[in-house]
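Taking it in order: structure first as C-alpha cells, then the write-up.
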Amino acid sequence: MLQRSRVESADASLCEAASPFERVQERIGAICEPMNIDEGIQARLRKCERELVVNFPIRMDDGKVKIFTGFRIQHNDTRGPAKGGIRYHPDVTLDETRALAVWMTLKAAVVNIPYGGAKGGVICDPKIMSQGELERLTRRYASEISILIGPEKDIPAPDVGTNPQIMAWIMDTYSMNKGYSVLGVVTGKPLEIGGSKGRFEATGRGCMLSAGLAANHLGMGLKEATVAVQGFGNVGMAAAKLLAKEGCRIIAVSDSRGGIYNPKGLDPESVLRHKTETGLVVGFQDSETVTNAELLELQCDILVPAALEDEICKANAPNIKAKLIIEGANGPTTAEADEILGDRGITVIPDVLANAGGVIVSYFEWVQGIQSFFWDEADVNEKLQYIMTKAFEEVMSISQHEKVDMRTAAYMLAIGRIAKAITLRGIYP
Ligand code: NAD
C-alpha cells in the first residue's frame with residue numbers, strides 16, 4: 001500500500017513512501033533473522049498489543065458539532081508501562097500511530113529505561129482551532145482513552161501539535177475522574193503542576209549530545225560545524241539553540257511553510273522571536289528563503305531533520321551533502337535512503353537513539369511525580385547526559401563489532417533486550 005508522504009503547504013516534499021508501519025515491520029524482520037530471535041517473539045514485535053480507535057463529538061465555537069477520530073496504540077509493555085506522545089495533525093493515521101508506537105518500544109529499550117511503547121493521535125488541525133475548541137477536544141479525547149492510560153499502564157507526552165498546556169488538560173481530566181491529582185499520568189506537563197525541569201528542551205538536548213558524540217567519533221567536533229535544521233518546533237528549535245551554544249553555526253532552519261538560510265549563521269533565539277511574532281520563520285532579517293526540499297540538500301556538516309516522517313528518501317538522498325544526520329524526528333529517513341546514505345559514507349544517528357532525550361527526561365518526570373520529590377535542572381541534565389552517552393557508546397560498539405550502521409546496531413540492542421524480557425516473562429497463561 002502506498003501512502004502519500006505528508007505535505008503541509010505548497011512547499012512540497014519530494015518523497016513518497018510505503019506505510020511507516022509496514023516499513024518498521026520489515027526492518028524488525030530483517031534484524032531478527034540474523035540474530036536468531038525466536039519466531040514467536042518476532043511475531044509479537046510485528047503486532048501492536050492494544051489498539052483503540054475513538055470517534056467523538058466536539059461542539060465547535062460556531063455551535064456546530066464536529067466528529068473527530070483519535071487513536072491510542074500500545075505496541076508492547078513487556079519492559080514496563082507503555083509510553084509515548086500524542087500527535088494532533090490533519091494527516092494522523094492509524095498506520096502512522098502504530099509505527100510511532102513501535103519506535104517508542106525500541107527507543108525505551110535502546111536507552112534502557114523501564115518502559116514499553118505507545119503513541120496516540122487525533123486527526124485535527126490545531127493551527128486553526130481556538131483554545132476553547134482545543135481544550136474541549138483534549139478533555140474528551142483524554143476521557144475516551146482513559147480506559148488505557150494511567151501512571152502504571154500508559155503515560156502520554158507531547159508530540160507534533162501538542163504542548164505542555166495540552167498535557168495539563170489531560171492530567172486535570174484524568175485527575176477529576178479519579179477524585180485526586182495524578183501527576184504520573186502524563187509527562188511534559190508545565191512545571192507548576194509536576195513537570196520536570198529540563199523536559200521542554202530535553203529532546204533537543206539529546207540531539208545536541210548525540211551530535212557531539214558522533215562528531216567526536218568522526219573526528220570533526222562541534223565547534224564551527226555548520227548545521228541545517230528542518231522543523232523549528234519543540235525539537236528542532238531546542239536542538240538549534242543548544243548546538244549554537246556548543247559553537248555550531250546554524251545556517252538554515254525551516255517550518256512547514258518554508259525555510260531560511262544564511263551561510264554566516266542564524267541566531268536561533270532571534271529566529272524564535274520572529275516566529276512567535278509572525279507565525280513563520282520565513283521573512284527573518286538577513287536571510288534568504290529556501291524550500292524544505294532545498295534545505296535538506298544544503299552544503300553543511302550536520303543535518304537535523306526534526307519535522308515529520310519520510311522526508312529523506314531515494315529521491316533526495318543522493319543529493320544530501322551533510323556528513324552527519326541527527327534524526328530529531330521519528331522516522332525521517334526511508335530504508336532506501338538509509339542504504340544510499342550508507343553507501344555515500346554519511347553517518348545517520350537514528351531516531352531511536354538521537355531523539356531519546358525526550359523520553360529519558362519524561363521518565364525522570366514520572367519518577368519525580370510518583371515520589372513527590374523534584375530535582376534541580378543540573379541533576380536532570382547530568383543524568384540525561386549519562387544515559388545518552390552510555391546508550392550511544394553501546395550502539396557504537398555493536399556498530400563497530402558487527403560492522404553495521406548505527407540504526408541496525410540500535411535495533412539489535414533494543415530487540416535483544418526486549419526479546420530477553422519476553423522470554424523471562426513467558427506467555428500467560
Ligand atoms: P512540533 O509540533 O513542536 O514541531 C514540528 C515542526 O515541524 C513545526 O515547526 C512545523 O511547522 C514543522 N513542520 C511540519 N511539517 C513540516 C515539513 N513538511 N517540513 C518542515 N517542517 C515541517 O513537534 P515536535 O514535538 O518538535 O516534533 C517533531 C518531530 O520530533 C516529530 O517527528 C516527533 O515525533 C519527534 N519527537 C518529538 C519529541 C518531543 O519531545 N516533542 C520527542 C521525540 C521525537
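Starting from 1 in every chain, residues are counted up; chains themselves are A, B, ... following the order of the C-alpha cells, and ligands are numbered from 1 as listed.
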Report task. Skip Ser397 of chain A itself and residues of its chain fewer than 4 positions away, then list as a VMD selection string all residues within 12 Å of it, counting only C-alpha atoms. Result -> chain A and resid 217 390 to 393 401 to 406 408 to 410 412 to 413
Go ahead and write the selection's residues with all heavy atoms as a short mmCIF file (atom, residue, chain, number, x, y, z; two decimals), in the first residue's frame.
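And here's again.cif as it stands now:
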```cif
data_model
loop_
_atom_site.label_atom_id
_atom_site.label_comp_id
_atom_site.auth_asym_id
_atom_site.auth_seq_id
_atom_site.Cartn_x
_atom_site.Cartn_y
_atom_site.Cartn_z
N HIS A 217 33.43 11.00 17.21
CA HIS A 217 33.81 9.75 16.55
C HIS A 217 34.28 9.99 15.12
O HIS A 217 35.14 9.29 14.62
CB HIS A 217 32.65 8.76 16.56
CG HIS A 217 32.63 7.92 17.80
ND1 HIS A 217 33.35 6.76 17.92
CD2 HIS A 217 32.01 8.10 18.98
CE1 HIS A 217 33.16 6.25 19.13
NE2 HIS A 217 32.35 7.05 19.80
N LYS A 390 25.91 6.61 27.55
CA LYS A 390 26.02 5.14 27.71
C LYS A 390 25.36 4.44 26.52
O LYS A 390 25.94 3.53 25.91
CB LYS A 390 25.34 4.75 29.03
CG LYS A 390 25.54 3.32 29.43
CD LYS A 390 25.28 3.16 30.93
CE LYS A 390 25.62 1.79 31.42
NZ LYS A 390 24.64 0.79 31.04
N ALA A 391 24.14 4.90 26.17
CA ALA A 391 23.42 4.27 25.06
C ALA A 391 24.20 4.46 23.75
O ALA A 391 24.34 3.53 22.95
CB ALA A 391 22.02 4.86 24.94
N PHE A 392 24.73 5.67 23.55
CA PHE A 392 25.47 5.96 22.32
C PHE A 392 26.67 5.01 22.21
O PHE A 392 26.92 4.41 21.16
CB PHE A 392 25.94 7.42 22.30
CG PHE A 392 26.57 7.82 20.99
CD1 PHE A 392 25.83 8.43 20.01
CD2 PHE A 392 27.92 7.54 20.74
CE1 PHE A 392 26.40 8.78 18.79
CE2 PHE A 392 28.50 7.87 19.53
CZ PHE A 392 27.74 8.50 18.55
N GLU A 393 27.42 4.87 23.31
CA GLU A 393 28.63 4.02 23.27
C GLU A 393 28.24 2.56 23.04
O GLU A 393 28.94 1.83 22.32
CB GLU A 393 29.45 4.18 24.55
CG GLU A 393 30.05 5.59 24.76
CD GLU A 393 30.93 6.09 23.61
OE1 GLU A 393 31.35 5.29 22.75
OE2 GLU A 393 31.18 7.33 23.56
N HIS A 401 31.60 -3.58 16.07
CA HIS A 401 31.86 -5.00 16.21
C HIS A 401 31.17 -5.81 15.11
O HIS A 401 31.75 -6.72 14.52
CB HIS A 401 31.35 -5.44 17.60
CG HIS A 401 31.90 -6.74 18.02
ND1 HIS A 401 31.13 -7.88 18.04
CD2 HIS A 401 33.13 -7.11 18.42
CE1 HIS A 401 31.86 -8.89 18.43
NE2 HIS A 401 33.08 -8.45 18.68
N GLU A 402 29.90 -5.45 14.83
CA GLU A 402 29.11 -6.23 13.85
C GLU A 402 29.22 -5.64 12.44
O GLU A 402 28.61 -6.17 11.51
CB GLU A 402 27.63 -6.25 14.26
CG GLU A 402 27.34 -6.84 15.63
CD GLU A 402 27.65 -8.34 15.70
OE1 GLU A 402 27.48 -9.02 14.67
OE2 GLU A 402 28.07 -8.79 16.77
N LYS A 403 29.94 -4.52 12.32
CA LYS A 403 30.08 -3.84 11.02
C LYS A 403 28.72 -3.53 10.39
O LYS A 403 28.41 -3.92 9.24
CB LYS A 403 30.94 -4.66 10.06
CG LYS A 403 32.33 -4.90 10.60
CD LYS A 403 33.25 -5.43 9.57
CE LYS A 403 34.67 -5.58 10.02
NZ LYS A 403 34.96 -5.69 11.44
N VAL A 404 27.87 -2.89 11.19
CA VAL A 404 26.54 -2.49 10.70
C VAL A 404 26.37 -0.99 10.96
O VAL A 404 27.12 -0.41 11.76
CB VAL A 404 25.40 -3.27 11.41
CG1 VAL A 404 25.42 -4.74 11.01
CG2 VAL A 404 25.46 -3.11 12.93
N ASP A 405 25.38 -0.40 10.31
CA ASP A 405 25.16 1.04 10.55
C ASP A 405 24.55 1.26 11.94
O ASP A 405 24.15 0.31 12.62
CB ASP A 405 24.32 1.67 9.43
CG ASP A 405 22.92 1.09 9.33
OD1 ASP A 405 22.40 0.57 10.33
OD2 ASP A 405 22.34 1.14 8.23
N MET A 406 24.48 2.52 12.35
CA MET A 406 24.03 2.84 13.72
C MET A 406 22.56 2.47 13.93
O MET A 406 22.17 2.10 15.02
CB MET A 406 24.25 4.32 14.03
CG MET A 406 25.70 4.71 14.21
SD MET A 406 26.44 4.01 15.72
CE MET A 406 25.95 5.22 16.95
N THR A 408 20.90 -0.11 12.50
CA THR A 408 20.84 -1.56 12.68
C THR A 408 21.36 -1.92 14.08
O THR A 408 20.77 -2.75 14.78
CB THR A 408 21.67 -2.26 11.58
OG1 THR A 408 21.20 -1.79 10.32
CG2 THR A 408 21.55 -3.77 11.65
N ALA A 409 22.44 -1.27 14.48
CA ALA A 409 23.03 -1.56 15.79
C ALA A 409 22.05 -1.21 16.92
O ALA A 409 21.88 -1.97 17.88
CB ALA A 409 24.33 -0.77 15.96
N ALA A 410 21.37 -0.07 16.78
CA ALA A 410 20.41 0.35 17.82
C ALA A 410 19.25 -0.64 17.88
O ALA A 410 18.79 -1.03 18.97
CB ALA A 410 19.90 1.75 17.53
N MET A 412 19.36 -3.76 17.02
CA MET A 412 19.87 -5.03 17.58
C MET A 412 19.90 -4.95 19.11
O MET A 412 19.50 -5.89 19.81
CB MET A 412 21.28 -5.33 17.03
CG MET A 412 21.26 -5.77 15.58
SD MET A 412 22.92 -5.86 14.88
CE MET A 412 23.54 -7.32 15.68
N LEU A 413 20.39 -3.82 19.62
CA LEU A 413 20.47 -3.64 21.07
C LEU A 413 19.07 -3.71 21.68
O LEU A 413 18.82 -4.43 22.66
CB LEU A 413 21.13 -2.29 21.38
CG LEU A 413 21.28 -1.90 22.84
CD1 LEU A 413 22.18 -2.88 23.58
CD2 LEU A 413 21.86 -0.47 22.97
#
```
Query - Distance query Val65 of chain A at most 12 Å, only C-alpha atoms, self and fewer than 3 positions along chain excluded, as number ranges by chain - result: A: 56-62, 68, 133, 136-137
Report task. Quick one: everything within 9 Å of Ile346 of chain A, counting only C-alpha atoms, minus sequence neighbours fewer than 6 positions away in the same chain. Send it as a PyMOL selection string. Result -> chain A and resi 320-325+340
Report task. Check which residues fall inside 8 Å of ligand 1 when counting only C-alpha atoms and all ligand atoms, and print them as an MDAnalysis selection string. Result -> chainID A and resid 6:9 11:13 85 87 100 157:163 188 199:203 230:237 254:259 292 306:309 311 328:332 351 355:359
Determine, counting only C-alpha atoms, which protein, DNA and RNA residues have an atom within 12 Å of an atom of segment 29-40 of chain A; residues of the same chain fewer than 2 positions away are not included. Present the result as an mmCIF file with N, CA and C atoms, in the first residue's frame.
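Result file is around30.cif:
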```cif
data_model
loop_
_atom_site.group_PDB
_atom_site.id
_atom_site.type_symbol
_atom_site.label_atom_id
_atom_site.label_comp_id
_atom_site.auth_asym_id
_atom_site.auth_seq_id
_atom_site.Cartn_x
_atom_site.Cartn_y
_atom_site.Cartn_z
ATOM 1 N N GLU A 22 4.426 -0.771 7.918
ATOM 2 C CA GLU A 22 4.982 -1.887 7.130
ATOM 3 C C GLU A 22 6.500 -1.793 7.103
ATOM 4 N N ARG A 23 6.978 -0.551 6.996
ATOM 5 C CA ARG A 23 8.421 -0.314 6.910
ATOM 6 C C ARG A 23 9.117 -0.770 8.187
ATOM 7 N N VAL A 24 8.534 -0.437 9.340
ATOM 8 C CA VAL A 24 9.204 -0.814 10.594
ATOM 9 C C VAL A 24 9.063 -2.321 10.818
ATOM 10 N N GLN A 25 7.945 -2.913 10.364
ATOM 11 C CA GLN A 25 7.804 -4.373 10.470
ATOM 12 C C GLN A 25 8.889 -5.072 9.662
ATOM 13 N N GLU A 26 9.115 -4.551 8.439
ATOM 14 C CA GLU A 26 10.155 -5.150 7.591
ATOM 15 C C GLU A 26 11.530 -5.041 8.244
ATOM 16 N N ARG A 27 11.805 -3.883 8.812
ATOM 17 C CA ARG A 27 13.115 -3.675 9.453
ATOM 18 C C ARG A 27 13.295 -4.641 10.614
ATOM 19 N N GLN A 42 9.308 -12.652 17.314
ATOM 20 C CA GLN A 42 9.255 -11.781 16.122
ATOM 21 C C GLN A 42 7.820 -11.433 15.786
ATOM 22 N N ALA A 43 6.940 -12.444 15.849
ATOM 23 C CA ALA A 43 5.535 -12.203 15.506
ATOM 24 C C ALA A 43 4.923 -11.202 16.482
ATOM 25 N N ARG A 44 5.288 -11.317 17.750
ATOM 26 C CA ARG A 44 4.748 -10.363 18.743
ATOM 27 C C ARG A 44 5.235 -8.951 18.450
ATOM 28 N N LEU A 45 6.506 -8.826 18.104
ATOM 29 C CA LEU A 45 7.056 -7.483 17.858
ATOM 30 C C LEU A 45 6.466 -6.832 16.613
ATOM 31 N N ARG A 46 5.982 -7.676 15.678
ATOM 32 C CA ARG A 46 5.419 -7.104 14.448
ATOM 33 C C ARG A 46 3.986 -6.602 14.632
ATOM 34 N N LYS A 47 3.363 -6.961 15.769
ATOM 35 C CA LYS A 47 1.973 -6.529 16.027
ATOM 36 C C LYS A 47 1.953 -5.547 17.205
ATOM 37 N N ALA A 335 14.007 3.397 4.292
ATOM 38 C CA ALA A 335 15.015 2.333 4.242
ATOM 39 C C ALA A 335 15.891 2.482 2.993
ATOM 40 N N GLU A 402 29.896 -5.454 14.834
ATOM 41 C CA GLU A 402 29.110 -6.228 13.853
ATOM 42 C C GLU A 402 29.221 -5.645 12.443
ATOM 43 N N VAL A 404 27.869 -2.893 11.186
ATOM 44 C CA VAL A 404 26.543 -2.488 10.698
ATOM 45 C C VAL A 404 26.374 -0.990 10.962
ATOM 46 N N ASP A 405 25.380 -0.396 10.309
ATOM 47 C CA ASP A 405 25.164 1.043 10.553
ATOM 48 C C ASP A 405 24.549 1.262 11.942
ATOM 49 N N ARG A 407 21.728 2.543 12.873
ATOM 50 C CA ARG A 407 20.324 2.186 13.065
ATOM 51 C C ARG A 407 20.199 0.679 13.331
ATOM 52 N N THR A 408 20.905 -0.111 12.499
ATOM 53 C CA THR A 408 20.835 -1.560 12.676
ATOM 54 C C THR A 408 21.364 -1.922 14.076
ATOM 55 N N ALA A 409 22.444 -1.267 14.477
ATOM 56 C CA ALA A 409 23.033 -1.557 15.793
ATOM 57 C C ALA A 409 22.046 -1.210 16.916
ATOM 58 N N ALA A 410 21.371 -0.066 16.782
ATOM 59 C CA ALA A 410 20.410 0.348 17.820
ATOM 60 C C ALA A 410 19.249 -0.642 17.882
ATOM 61 N N TYR A 411 18.754 -1.071 16.711
ATOM 62 C CA TYR A 411 17.653 -2.044 16.684
ATOM 63 C C TYR A 411 18.115 -3.371 17.305
ATOM 64 N N MET A 412 19.363 -3.756 17.018
ATOM 65 C CA MET A 412 19.874 -5.029 17.580
ATOM 66 C C MET A 412 19.903 -4.955 19.110
ATOM 67 N N LEU A 413 20.394 -3.820 19.618
ATOM 68 C CA LEU A 413 20.473 -3.644 21.072
ATOM 69 C C LEU A 413 19.066 -3.709 21.678
ATOM 70 N N ALA A 414 18.135 -2.974 21.057
ATOM 71 C CA ALA A 414 16.766 -2.901 21.602
ATOM 72 C C ALA A 414 16.074 -4.259 21.503
ATOM 73 N N ILE A 415 16.139 -4.864 20.327
ATOM 74 C CA ILE A 415 15.404 -6.124 20.132
ATOM 75 C C ILE A 415 15.979 -7.206 21.050
ATOM 76 N N GLY A 416 17.289 -7.199 21.236
ATOM 77 C CA GLY A 416 17.910 -8.172 22.164
ATOM 78 C C GLY A 416 17.337 -8.003 23.570
ATOM 79 N N ARG A 417 17.232 -6.759 24.025
ATOM 80 C CA ARG A 417 16.714 -6.504 25.390
ATOM 81 C C ARG A 417 15.234 -6.887 25.504
ATOM 82 N N ILE A 418 14.453 -6.541 24.485
ATOM 83 C CA ILE A 418 13.003 -6.826 24.554
ATOM 84 C C ILE A 418 12.781 -8.341 24.485
ATOM 85 N N ALA A 419 13.534 -9.006 23.608
ATOM 86 C CA ALA A 419 13.361 -10.465 23.458
ATOM 87 C C ALA A 419 13.717 -11.175 24.759
ATOM 88 N N LYS A 420 14.770 -10.693 25.424
ATOM 89 C CA LYS A 420 15.172 -11.299 26.714
ATOM 90 C C LYS A 420 14.039 -11.145 27.732
ATOM 91 N N ILE A 422 10.832 -10.690 27.147
ATOM 92 C CA ILE A 422 9.671 -11.519 26.762
ATOM 93 C C ILE A 422 9.927 -12.976 27.170
ATOM 94 N N THR A 423 11.143 -13.444 26.940
ATOM 95 C CA THR A 423 11.482 -14.829 27.276
ATOM 96 C C THR A 423 11.378 -15.050 28.790
ATOM 97 N N GLY A 426 7.710 -15.111 29.867
ATOM 98 C CA GLY A 426 6.954 -16.251 29.350
ATOM 99 C C GLY A 426 5.601 -15.814 28.822
ATOM 100 N N ILE A 427 4.781 -16.816 28.482
ATOM 101 C CA ILE A 427 3.479 -16.487 27.900
ATOM 102 C C ILE A 427 2.384 -16.836 28.905
#
```
Do a neighbour search on Thr78 of chain A at 9 Å with only C-alpha atoms, toss out local chain neighbours closer than 3 positions, and write the hits as an mmCIF file with N, CA, C and O atoms, in the first residue's frame.
```cif
data_model
loop_
_atom_site.group_PDB
_atom_site.id
_atom_site.type_symbol
_atom_site.label_atom_id
_atom_site.label_comp_id
_atom_site.auth_asym_id
_atom_site.auth_seq_id
_atom_site.Cartn_x
_atom_site.Cartn_y
_atom_site.Cartn_z
ATOM 1 N N PRO A 81 5.490 0.091 31.844
ATOM 2 C CA PRO A 81 4.314 0.749 31.293
ATOM 3 C C PRO A 81 4.582 1.296 29.890
ATOM 4 O O PRO A 81 5.712 1.681 29.575
ATOM 5 N N ALA A 82 3.534 1.326 29.080
ATOM 6 C CA ALA A 82 3.678 1.864 27.730
ATOM 7 C C ALA A 82 3.848 3.385 27.823
ATOM 8 O O ALA A 82 3.286 4.024 28.701
ATOM 9 N N TYR A 115 10.319 1.119 30.226
ATOM 10 C CA TYR A 115 9.056 1.427 29.566
ATOM 11 C C TYR A 115 8.867 0.541 28.348
ATOM 12 O O TYR A 115 9.840 0.098 27.726
ATOM 13 N N GLY A 116 7.592 0.385 27.976
ATOM 14 C CA GLY A 116 7.246 -0.132 26.663
ATOM 15 C C GLY A 116 6.899 1.051 25.770
ATOM 16 O O GLY A 116 7.162 2.197 26.122
ATOM 17 N N ILE A 418 14.453 -6.541 24.485
ATOM 18 C CA ILE A 418 13.003 -6.826 24.554
ATOM 19 C C ILE A 418 12.781 -8.341 24.485
ATOM 20 O O ILE A 418 11.980 -8.908 25.239
ATOM 21 N N ALA A 421 13.442 -9.933 27.780
ATOM 22 C CA ALA A 421 12.360 -9.675 28.743
ATOM 23 C C ALA A 421 11.152 -10.551 28.434
ATOM 24 O O ALA A 421 10.531 -11.121 29.345
ATOM 25 N N ILE A 422 10.832 -10.690 27.147
ATOM 26 C CA ILE A 422 9.671 -11.519 26.762
ATOM 27 C C ILE A 422 9.927 -12.976 27.170
ATOM 28 O O ILE A 422 9.059 -13.655 27.721
ATOM 29 N N ARG A 425 9.589 -13.408 30.984
ATOM 30 C CA ARG A 425 8.212 -13.350 31.480
ATOM 31 C C ARG A 425 7.393 -14.540 31.016
ATOM 32 O O ARG A 425 6.438 -14.936 31.682
#
```
